[in-house]
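Chemist: Take a look at the following structure, please.
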Amino acid sequence: MTQFTEAPIFDADQHMYETPESLTKYLPDKYSRAVQFAQFGRHTRIVINNRVNDFIPNPTFERVAAPGAHEKFFAGENSEGLTLREMQGPAIDAPAATRNPVDRVAELDRQGVVEALNYPTLASLIEHATADDPELSLAVVHALNQWMLEQWTFNYSDRVFSTPIVNLSEVDGAQRELEYLLANDVKVLLIKPGPVNGIRGWRSPALPEFDPFWRDVEAADLPVVLHASYPPLDDYVGKWEPPYTQNFMAQSAFRWMVLGHREISDMITALICHGTLTRFPKLRIASVENGSSWIFPLFNDFEELYKKMPQNFAEHPHEVFRRNIWVSPFWEGCVSDVVTTVGWDKVLFGSDYPHPEGLAEPKGFWKYAEGMDERRTYDFMGDNARRFMGLPIANPDPAAAKPPVLSHA
């Protein structure tokens, strides 16, 4: 079968490269010394509460790895055993499309992409680095959202949907942030998958105490993305091997294996087992850049658990997952992981542009495509993301909007 490649693309995983002022311009003066960019020799690092963070090697993004520079590594074609740094080639100036929406729309036109979700990059470390200071977490997140609104807007020309963050360390703070975002034309929220730390310590953001926030999200009909972030298991891994670096490009094989996709699997488990998605069945949640290989084990575990403890669930966990959760597999991953468990209507395409671990071109996905007929290509490459966002679909075939009927397990 010849792969149909003309479906209008909605890229559910693109990113911006923030400037240093994204964290500092709107940060209240009382926190000015808590978040700083400092020079160490030739390198700039973010210093948060006097702790140096090097998870992102160049947090100013003035010079970056080229889009798609790590493609061979993530495609499993690293026969020479090169490190990420060795294979990425020379750094380039940050593309203009990563800095402002006008150039991003021009780049989307060049890429043949109609719409895109646009995530901040520094967000992947900020909430983890400020977790022991919930007040600071809320302040930095709000400052970043203010900068994002000014620099990008949250909805640029109905094509670039930038994703402000809601930090859930405190319910009241999360509600205030949501109120601010709703007043500024927000179309989608970004939430870090993982437990949160507040005045009562660490806990699941799916516990009933968070219901006021989730009720507000459902009432606003806002979709929520759980994007891969700095994982909460760093301290655990540090008990197994020396925490010699946080830099994601220099992680050990052990760290890659142990961290895996535990945080997204646990977050989805919390949303189901702690009942959020049953109490608020209209919530739309997407997992992005977390892969899809975790879905089969999670579905199997849910099936076994439901047989043992049906009294703990108002609904079968599979039904909840299929109703509420969308999944974007890695571009090099397996679409069928999602399709055979969750369904065709819940799988999203994402290129991870402009990150080096992403695709240099969203249409580069066709090299890795598993073969989809025209209808399913419309679904995967764009219409499922439009359904998630509550936007009109592109496929003229009305049957494409009908979700499949799947049995348990």
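Starting from 1 in every chain, residues are counted up; chains themselves are A, B, ... following the order of the structure tokens, and ligands are numbered from 1 as listed.
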Which residues, written as a PyMOL selection string, have at least one atom at most 7 Å from A:Ser204, with only C-alpha atoms counted and residues fewer than 2 positions away on the same chain left out?

Modeler: chain A and resi 195-196+206-207+270

Chemist: Please identify all polymer residues within 12 Å of A:His128, counting only C-alpha atoms, omitting same-chain residues fewer than 4 positions from it, and present them as a ChimeraX atom specification.

Modeler: /A:48,53,55,122-124,132-134,136-137,140-141,167,169,192-197,229-235,246

Chemist: Could the residues in this selection be written to a file with N, CA and C atoms, as a compact mmCIF listing (two decimals), in the first residue's frame?

Modeler:
# COMPACT_ATOMS: atom_id res chain seq x y z
N ILE A 48 19.12 28.17 40.85
CA ILE A 48 17.84 28.31 41.52
C ILE A 48 18.03 28.04 43.01
N ASN A 53 21.88 24.23 38.19
CA ASN A 53 21.17 23.19 37.46
C ASN A 53 21.74 23.10 36.05
N PHE A 55 20.72 20.51 33.83
CA PHE A 55 19.91 19.57 33.06
C PHE A 55 19.85 19.98 31.60
N LEU A 122 12.30 25.39 28.85
CA LEU A 122 12.83 25.52 30.22
C LEU A 122 11.87 24.95 31.26
N ALA A 123 10.60 24.85 30.91
CA ALA A 123 9.62 24.31 31.86
C ALA A 123 9.99 22.91 32.31
N SER A 124 10.78 22.19 31.49
CA SER A 124 11.13 20.82 31.85
C SER A 124 12.01 20.72 33.07
N ASP A 132 11.03 22.22 46.21
CA ASP A 132 11.09 22.32 47.66
C ASP A 132 10.64 23.69 48.16
N ASP A 133 10.22 24.56 47.26
CA ASP A 133 9.75 25.90 47.61
C ASP A 133 8.49 26.19 46.80
N PRO A 134 7.32 25.68 47.22
CA PRO A 134 6.10 25.81 46.42
C PRO A 134 5.75 27.25 46.08
N LEU A 136 7.82 29.68 45.48
CA LEU A 136 8.68 30.05 44.36
C LEU A 136 8.20 29.38 43.08
N SER A 137 7.79 28.12 43.16
CA SER A 137 7.27 27.42 41.97
C SER A 137 6.14 28.20 41.34
N VAL A 140 7.49 31.56 39.72
CA VAL A 140 8.26 31.40 38.48
C VAL A 140 7.35 30.98 37.34
N VAL A 141 6.45 30.06 37.62
CA VAL A 141 5.52 29.62 36.58
C VAL A 141 4.66 30.78 36.09
N ASN A 167 1.02 25.04 37.77
CA ASN A 167 1.70 24.29 38.83
C ASN A 167 0.67 23.92 39.90
N SER A 169 1.14 22.62 42.99
CA SER A 169 1.62 22.44 44.36
C SER A 169 0.59 22.92 45.38
N LYS A 192 2.90 19.28 34.54
CA LYS A 192 3.98 18.33 34.72
C LYS A 192 3.44 17.02 35.29
N PRO A 193 3.73 15.90 34.64
CA PRO A 193 3.28 14.62 35.20
C PRO A 193 4.13 14.23 36.42
N GLY A 194 3.48 14.03 37.53
CA GLY A 194 4.22 13.63 38.73
C GLY A 194 3.56 14.16 39.99
N PRO A 195 4.02 13.72 41.13
CA PRO A 195 3.50 14.22 42.40
C PRO A 195 3.91 15.68 42.60
N VAL A 196 3.20 16.36 43.49
CA VAL A 196 3.48 17.77 43.74
C VAL A 196 3.78 17.97 45.23
N ASN A 197 4.55 19.02 45.50
CA ASN A 197 4.96 19.30 46.88
C ASN A 197 4.34 20.61 47.34
N SER A 229 8.89 15.67 31.34
CA SER A 229 9.56 16.71 32.08
C SER A 229 10.70 16.08 32.88
N TYR A 230 11.44 16.95 33.56
CA TYR A 230 12.49 16.47 34.45
C TYR A 230 11.83 15.51 35.43
N PRO A 231 12.22 14.23 35.45
CA PRO A 231 11.48 13.24 36.22
C PRO A 231 11.67 13.39 37.73
N PRO A 232 10.65 12.95 38.50
CA PRO A 232 10.73 13.06 39.96
C PRO A 232 11.57 11.98 40.62
N LEU A 233 12.17 11.09 39.83
CA LEU A 233 12.89 9.96 40.41
C LEU A 233 14.39 10.16 40.49
N ASP A 234 14.85 11.40 40.30
CA ASP A 234 16.29 11.64 40.26
C ASP A 234 16.97 11.22 41.57
N ASP A 235 16.34 11.52 42.70
CA ASP A 235 16.93 11.15 43.98
C ASP A 235 17.01 9.63 44.12
N GLN A 246 23.32 15.93 35.88
CA GLN A 246 21.90 15.97 35.55
C GLN A 246 21.69 16.18 34.06

Chemist: Can you tell me, as a PyMOL selection string, what residues are no more than 10 Å from A:Thr24 when counting only C-alpha atoms, ignoring any on the same chain fewer than 6 positions away?

Modeler: chain A and resi 31-37+140+143-144+147

Chemist: Put those residues in a file: N, CA and C atoms, as a PDB file, in the first residue's frame.

Modeler:
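That gives us again.pdb:
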ATOM      1  N   TYR A  31      11.897  37.584  44.675  1.00  0.00           N
ATOM      2  CA  TYR A  31      12.488  36.329  44.204  1.00  0.00           C
ATOM      3  C   TYR A  31      13.662  36.564  43.253  1.00  0.00           C
ATOM      4  N   SER A  32      14.103  37.787  43.118  1.00  0.00           N
ATOM      5  CA  SER A  32      15.100  38.111  42.092  1.00  0.00           C
ATOM      6  C   SER A  32      16.406  37.344  42.291  1.00  0.00           C
ATOM      7  N   ARG A  33      16.765  37.039  43.525  1.00  0.00           N
ATOM      8  CA  ARG A  33      18.000  36.303  43.775  1.00  0.00           C
ATOM      9  C   ARG A  33      17.785  34.789  43.756  1.00  0.00           C
ATOM     10  N   ALA A  34      16.517  34.376  43.684  1.00  0.00           N
ATOM     11  CA  ALA A  34      16.223  32.937  43.704  1.00  0.00           C
ATOM     12  C   ALA A  34      16.396  32.296  42.337  1.00  0.00           C
ATOM     13  N   VAL A  35      16.261  33.082  41.273  1.00  0.00           N
ATOM     14  CA  VAL A  35      16.418  32.563  39.917  1.00  0.00           C
ATOM     15  C   VAL A  35      17.402  33.456  39.174  1.00  0.00           C
ATOM     16  N   GLN A  36      18.562  32.890  38.852  1.00  0.00           N
ATOM     17  CA  GLN A  36      19.595  33.678  38.183  1.00  0.00           C
ATOM     18  C   GLN A  36      20.266  32.850  37.086  1.00  0.00           C
ATOM     19  N   PHE A  37      20.763  33.552  36.089  1.00  0.00           N
ATOM     20  CA  PHE A  37      21.598  32.945  35.060  1.00  0.00           C
ATOM     21  C   PHE A  37      23.033  33.365  35.376  1.00  0.00           C
ATOM     22  N   VAL A 140       7.491  31.557  39.722  1.00  0.00           N
ATOM     23  CA  VAL A 140       8.259  31.405  38.484  1.00  0.00           C
ATOM     24  C   VAL A 140       7.353  30.977  37.340  1.00  0.00           C
ATOM     25  N   ALA A 143       5.440  33.953  36.177  1.00  0.00           N
ATOM     26  CA  ALA A 143       6.306  34.856  35.417  1.00  0.00           C
ATOM     27  C   ALA A 143       6.536  34.332  34.002  1.00  0.00           C
ATOM     28  N   LEU A 144       6.771  33.033  33.884  1.00  0.00           N
ATOM     29  CA  LEU A 144       6.973  32.436  32.563  1.00  0.00           C
ATOM     30  C   LEU A 144       5.711  32.552  31.718  1.00  0.00           C
ATOM     31  N   TRP A 147       5.381  36.099  30.400  1.00  0.00           N
ATOM     32  CA  TRP A 147       6.314  36.308  29.285  1.00  0.00           C
ATOM     33  C   TRP A 147       5.799  35.614  28.024  1.00  0.00           C
TER      34      TRP A 147
END

Chemist: When you draw a straight line from atom CA of A:Ile191 to atom CA of A:Leu23, how long is it in Å?

Modeler: 17.4 Å

Chemist: DSSP on the backbone: which residues in stretch 252-325 of chain A end up as helix (DSSP H, G or I)? Give the answer as an MDAnalysis selection string.

Modeler: chainID A and resid 253:259 262:273 276:279 295:308 310:312 317:324

Chemist: As a ChimeraX atom specification, list the residues of stretch 48-161 of chain A assigned to strand (DSSP E or B) by DSSP on the backbone atoms of this structure.

Modeler: /A:48,51-53,63-64,92-93,113-119,156,160-161

Chemist: Write a file of the just-selected residues containing C-alpha atoms, as a compact mmCIF listing (two decimals), in the first residue's frame.

Modeler:
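For reference, result_16.txt as written:
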# COMPACT_ATOMS: atom_id res chain seq x y z
CA ILE A 48 17.84 28.31 41.52
CA ARG A 51 21.77 25.44 43.39
CA VAL A 52 23.30 25.13 39.94
CA ASN A 53 21.17 23.19 37.46
CA ARG A 63 23.46 28.24 20.26
CA VAL A 64 21.63 24.92 19.99
CA ILE A 92 23.72 26.49 15.22
CA ASP A 93 22.07 29.78 16.11
CA VAL A 113 2.08 22.00 8.94
CA VAL A 114 -1.27 23.71 9.56
CA GLU A 115 -1.35 23.90 13.39
CA ALA A 116 1.02 23.07 16.22
CA LEU A 117 1.12 22.88 19.99
CA ASN A 118 4.08 24.95 21.16
CA TYR A 119 5.65 24.02 24.52
CA TYR A 156 -1.55 32.93 17.43
CA VAL A 160 0.28 28.19 17.05
CA PHE A 161 -1.18 27.17 20.39

Chemist: Would you pick out the contacts of A:Ala7 at 7 Å or less, using only C-alpha atoms, so that residues sharing its chain but fewer than 4 positions from it are not included, and give the list as a list in words?

Modeler: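 Listing them by chain and then by number gives Thr377, Tyr378 and Met381 of chain A.
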
Chemist: What does the distance between atom CA of A:Phe388 and atom CA of A:Arg322 come to in Å, to one decimal place?

Modeler: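 Distance reported for this atom pair: 12.8 Å.
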
Chemist: Let me make sure I understand: among A:Ala12, A:Ile126, A:Leu149, A:Val237, which one has the smallest atom-to-atom distance to A:Pro101 if we use only C-alpha atoms?

Modeler: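 The answer is A:Leu149, which sits nearest to A:Pro101.
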
Chemist: Would you pick out the contacts of A:Val188 at 9 Å or less, using only C-alpha atoms, so that residues sharing its chain but fewer than 6 positions from it are not included, and give the list as a ChimeraX atom specification?

Modeler: /A:117,154,161-164,222-225,389

Chemist: With C-alpha atoms retained, write the just-selected residues as a PDB file, in the first residue's frame.

Modeler:
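Result went into again-v9.pdb, see below:
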ATOM      1  CA  LEU A 117       1.122  22.880  19.986  1.00  0.00           C
ATOM      2  CA  PHE A 154      -1.585  31.580  23.743  1.00  0.00           C
ATOM      3  CA  PHE A 161      -1.184  27.174  20.386  1.00  0.00           C
ATOM      4  CA  SER A 162       1.408  27.933  23.058  1.00  0.00           C
ATOM      5  CA  THR A 163       0.917  26.021  26.281  1.00  0.00           C
ATOM      6  CA  PRO A 164       1.094  27.920  29.571  1.00  0.00           C
ATOM      7  CA  LEU A 222      -9.798  23.048  28.365  1.00  0.00           C
ATOM      8  CA  PRO A 223      -7.592  20.186  27.160  1.00  0.00           C
ATOM      9  CA  VAL A 224      -4.563  19.340  29.313  1.00  0.00           C
ATOM     10  CA  VAL A 225      -1.174  18.088  28.099  1.00  0.00           C
ATOM     11  CA  MET A 389      -8.372  20.653  21.058  1.00  0.00           C
TER      12      MET A 389
END

Chemist: Would you list the contacts of A:Gln111 as a PyMOL selection string, taking every protein, DNA or RNA residue within 10 Å and counting only C-alpha atoms, but skipping same-chain residues closer than 3 positions in sequence?

Modeler: chain A and resi 9+105-108+114+360-364

Chemist: Counting only C-alpha atoms, figure out which residue out of A:Ala253, A:Pro356, A:Ser292, A:Phe302 gets nearest to A:Cys334.

Modeler: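 The answer is A:Ser292, which sits nearest to A:Cys334.
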
Chemist: Restricting the calculation to only C-alpha atoms, which member of A:Glu71, A:Asp185, A:Glu177, A:Asp352 is positioned closest to A:His227?

Modeler: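 Looking at the shortest contact to A:His227, the residue is A:Asp352.
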
Chemist: So, counting only C-alpha atoms, which residue among A:Ala286, A:Lys30, A:Pro354, A:Pro329 is closest to A:Arg387?

Modeler: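 Residue with the minimum atom-to-atom distance to A:Arg387: A:Ala286.
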
Chemist: Using Å and a single decimal, report how far atom CA of A:Ile56 sits from atom CA of A:Asn78.

Modeler: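 Computed distance, atom CA of A:Asn78 to atom CA of A:Ile56, equals 22.5 Å.
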
Chemist: Leaving out A:Glu209 and any residue of its chain fewer than 6 positions from it, which residues lie within 12 Å of it when counting only C-alpha atoms, given as a list in words?

Modeler: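 Final neighbour list, sorted by chain and number: Leu168, Ser169, Glu170, Val171, Asp172, Gly198, Arg200, Arg203, Arg215, His274, Gly275 and Thr276 of chain A.
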